[in-house]
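Asks: Can you read through this structure? Questions will come right after.
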Amino acid sequence: MLFRSMTVCKALPSLLKEYQNLHFFFIGAKDKKSPQYFDDCYNFCKNHGLLERTHFMGSRKDVYDLLKELDVFVYSSNHDSFGISVIEAMLSGIPTIVNDLPPLLEITHNGLYAEIFKSGSPENLKIAIEKLTDNILLRNQLSFEANNWARKNFTIEAHIKSLKNIYSRILQKN
């Protein structure tokens, strides 16, 4: 979770009230350039009595292992140039929820392989989380299809195959 958006935090009070067994894990350290993003999120959760079910994990080296333990991965950012953590979640087989930033739409094939919510809308994010929380079949289908999509398009093998195709086309033109 990048601490560049309060959208997730603002969706939490009603979600945690409605779903008694939900927990949220925020992974990532304070951004040295803008530590207030982390502080704002933490303080929001503290002030709303949510710290018992929101866990601020800090910077971690075992993210891949943590990803495998999640039911759903939520990514909310005000800006992003690629979304590598979204791809990591998809490759881990976790159903993913992302906001509607163009790079995130691109890596999820215009939302075909992730649940999409409107940027900056805690209400829209809440609906997306509820949709996946309430529907295990949808979660399983989305994780399976997203995993296949990510393997075909974002692994080292897929990149090498793409490069070979490019070089072959160049050589055929000469």
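Every chain in the structure tokens has a letter given in the order shown (A, B, ...), and although residue numbers restart at 1 in each chain, ligands are simply numbered from 1 in the order shown.
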Range 105-107 of chain A: which residues within 9 Å, counting only C-alpha atoms, same-chain residues fewer than 5 positions away excluded, as a VMD selection string?

Replies: chain A and resid 82 to 83 86 to 87 98 to 100 112 to 114 116 150 153 to 154

Asks: So which residues touch Ser143 in chain A within 6 Å, counting only C-alpha atoms, skipping near sequence neighbours fewer than 2 positions away, as a PyMOL selection string?

Replies: chain A and resi 93-95+140-141+145-147

Asks: Pull the strand (DSSP E) assignments for range 6-90 of chain A out of DSSP run on the backbone, and list those residues as a list of chain:residue names.

Replies: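 Residues of range 6-90 of chain A classed as strand (DSSP E): A:Phe24, A:Phe25, A:Phe26, A:Ile27, A:Thr54, A:His55, A:Phe56, A:Met57, A:Gly58, A:Phe73, A:Val74, A:Tyr75.
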
Asks: Using only C-alpha atoms, which residue out of A:Ile97, A:Leu138, A:Lys10, A:Ile160 lies closest to Asn47 in chain A?

Replies: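 Result for the nearest residue to Asn47 in chain A: A:Lys10.
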
Asks: Run DSSP on the backbone and grab whatever in chain A lands in alpha helix (DSSP H); send it over as a PyMOL selection string.

Replies: chain A and resi 7-18+36-47+63-67+84-91+102-107+122-134+136-154+156-173

Asks: Pick the closest to Arg139 in chain A from A:Ser162, A:Ser59, A:Thr155, A:Thr96: which is it, counting only C-alpha atoms?

Replies: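 Checking each of A:Ser162, A:Ser59, A:Thr155, A:Thr96 against Arg139 in chain A, counting only C-alpha atoms, the winner is A:Thr96.
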
Asks: Mind pulling up the distance from CA of Met6 in chain A to CA of Met90 in chain A?

Replies: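 Result for CA of Met90 in chain A versus CA of Met6 in chain A: 23.1 Å, one decimal.
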
Asks: Could you pull the residues within 7 Å of range 24-32 of chain A, counting only C-alpha atoms, minus those fewer than 5 positions along the same chain, as a list in words?

Replies: Met1, Leu2, Phe38, Arg53, Thr54, His55, Phe56, Met57, Gly58 and Ser59 of chain A

Asks: I need the chosen residues saved as a short mmCIF file (atom, residue, chain, number, x, y, z; two decimals), in the first residue's frame, with N, CA, C and O atoms.

Replies:
```cif
data_model
loop_
_atom_site.label_atom_id
_atom_site.label_comp_id
_atom_site.auth_asym_id
_atom_site.auth_seq_id
_atom_site.Cartn_x
_atom_site.Cartn_y
_atom_site.Cartn_z
N MET A 1 0.85 -1.18 0.00
CA MET A 1 0.00 0.00 0.00
C MET A 1 0.88 1.22 0.00
O MET A 1 1.71 1.39 0.87
N LEU A 2 0.71 2.06 -0.97
CA LEU A 2 1.41 3.33 -0.98
C LEU A 2 0.60 4.32 -0.16
O LEU A 2 -0.61 4.37 -0.28
N PHE A 38 1.96 8.74 5.43
CA PHE A 38 1.91 7.63 6.38
C PHE A 38 1.28 8.09 7.68
O PHE A 38 0.38 7.43 8.21
N ARG A 53 -7.57 -3.58 14.01
CA ARG A 53 -7.77 -4.38 12.80
C ARG A 53 -7.08 -3.79 11.57
O ARG A 53 -7.31 -4.22 10.45
N THR A 54 -6.26 -2.79 11.79
CA THR A 54 -5.39 -2.28 10.73
C THR A 54 -3.97 -2.42 11.23
O THR A 54 -3.65 -2.06 12.36
N HIS A 55 -3.13 -2.96 10.37
CA HIS A 55 -1.77 -3.30 10.78
C HIS A 55 -0.78 -2.60 9.86
O HIS A 55 -0.78 -2.83 8.66
N PHE A 56 0.04 -1.76 10.43
CA PHE A 56 1.05 -1.02 9.68
C PHE A 56 2.35 -1.80 9.77
O PHE A 56 3.03 -1.78 10.79
N MET A 57 2.67 -2.50 8.69
CA MET A 57 3.75 -3.47 8.68
C MET A 57 5.13 -2.87 8.37
O MET A 57 6.13 -3.55 8.52
N GLY A 58 5.17 -1.64 7.90
CA GLY A 58 6.44 -1.02 7.55
C GLY A 58 7.04 -1.63 6.30
O GLY A 58 6.40 -2.37 5.57
N SER A 59 8.29 -1.34 6.07
CA SER A 59 9.00 -1.88 4.92
C SER A 59 9.34 -3.34 5.20
O SER A 59 9.80 -3.67 6.29
#
```

Asks: My list of candidates is A:Val8, A:Gln36, A:Tyr167, A:Thr133. Which is closest to Ser119 in chain A when distances are computed with only C-alpha atoms?

Replies: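 Nearest to Ser119 in chain A: A:Val8.
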
Asks: Which residue is closest to Phe117 in chain A? Choose from A:Asn43, A:Gln20, A:Gln172, A:Ser76 and count only C-alpha atoms.

Replies: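 Comparing A:Asn43, A:Gln20, A:Gln172, A:Ser76 against Phe117 in chain A, the winner is A:Ser76.
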
Asks: Using only C-alpha atoms, which of the listed residues (A:Leu70, A:Asn148, A:Val63, A:Pro102) sits closest to Ser85 in chain A?

Replies: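 Between A:Leu70, A:Asn148, A:Val63, A:Pro102, the residue approaching Ser85 in chain A most closely is A:Val63.
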
Asks: If you measure from CA of Leu125 in chain A to CA of Arg60 in chain A, what distance in Å do you get, rounded to one decimal?

Replies: 25.1 Å

Asks: Out of A:Tyr42, A:Leu51, A:Ala11, A:Tyr19, which residue has the shortest atom-to-atom distance to Asn124 in chain A when counting only C-alpha atoms?

Replies: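 Closest to Asn124 in chain A of all the choices is A:Ala11.
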
Asks: What is the CA of Thr7 in chain A-CA of His48 in chain A distance in Å, reported with one decimal?

Replies: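 Pair CA of Thr7 in chain A / CA of His48 in chain A returns 14.5 Å.
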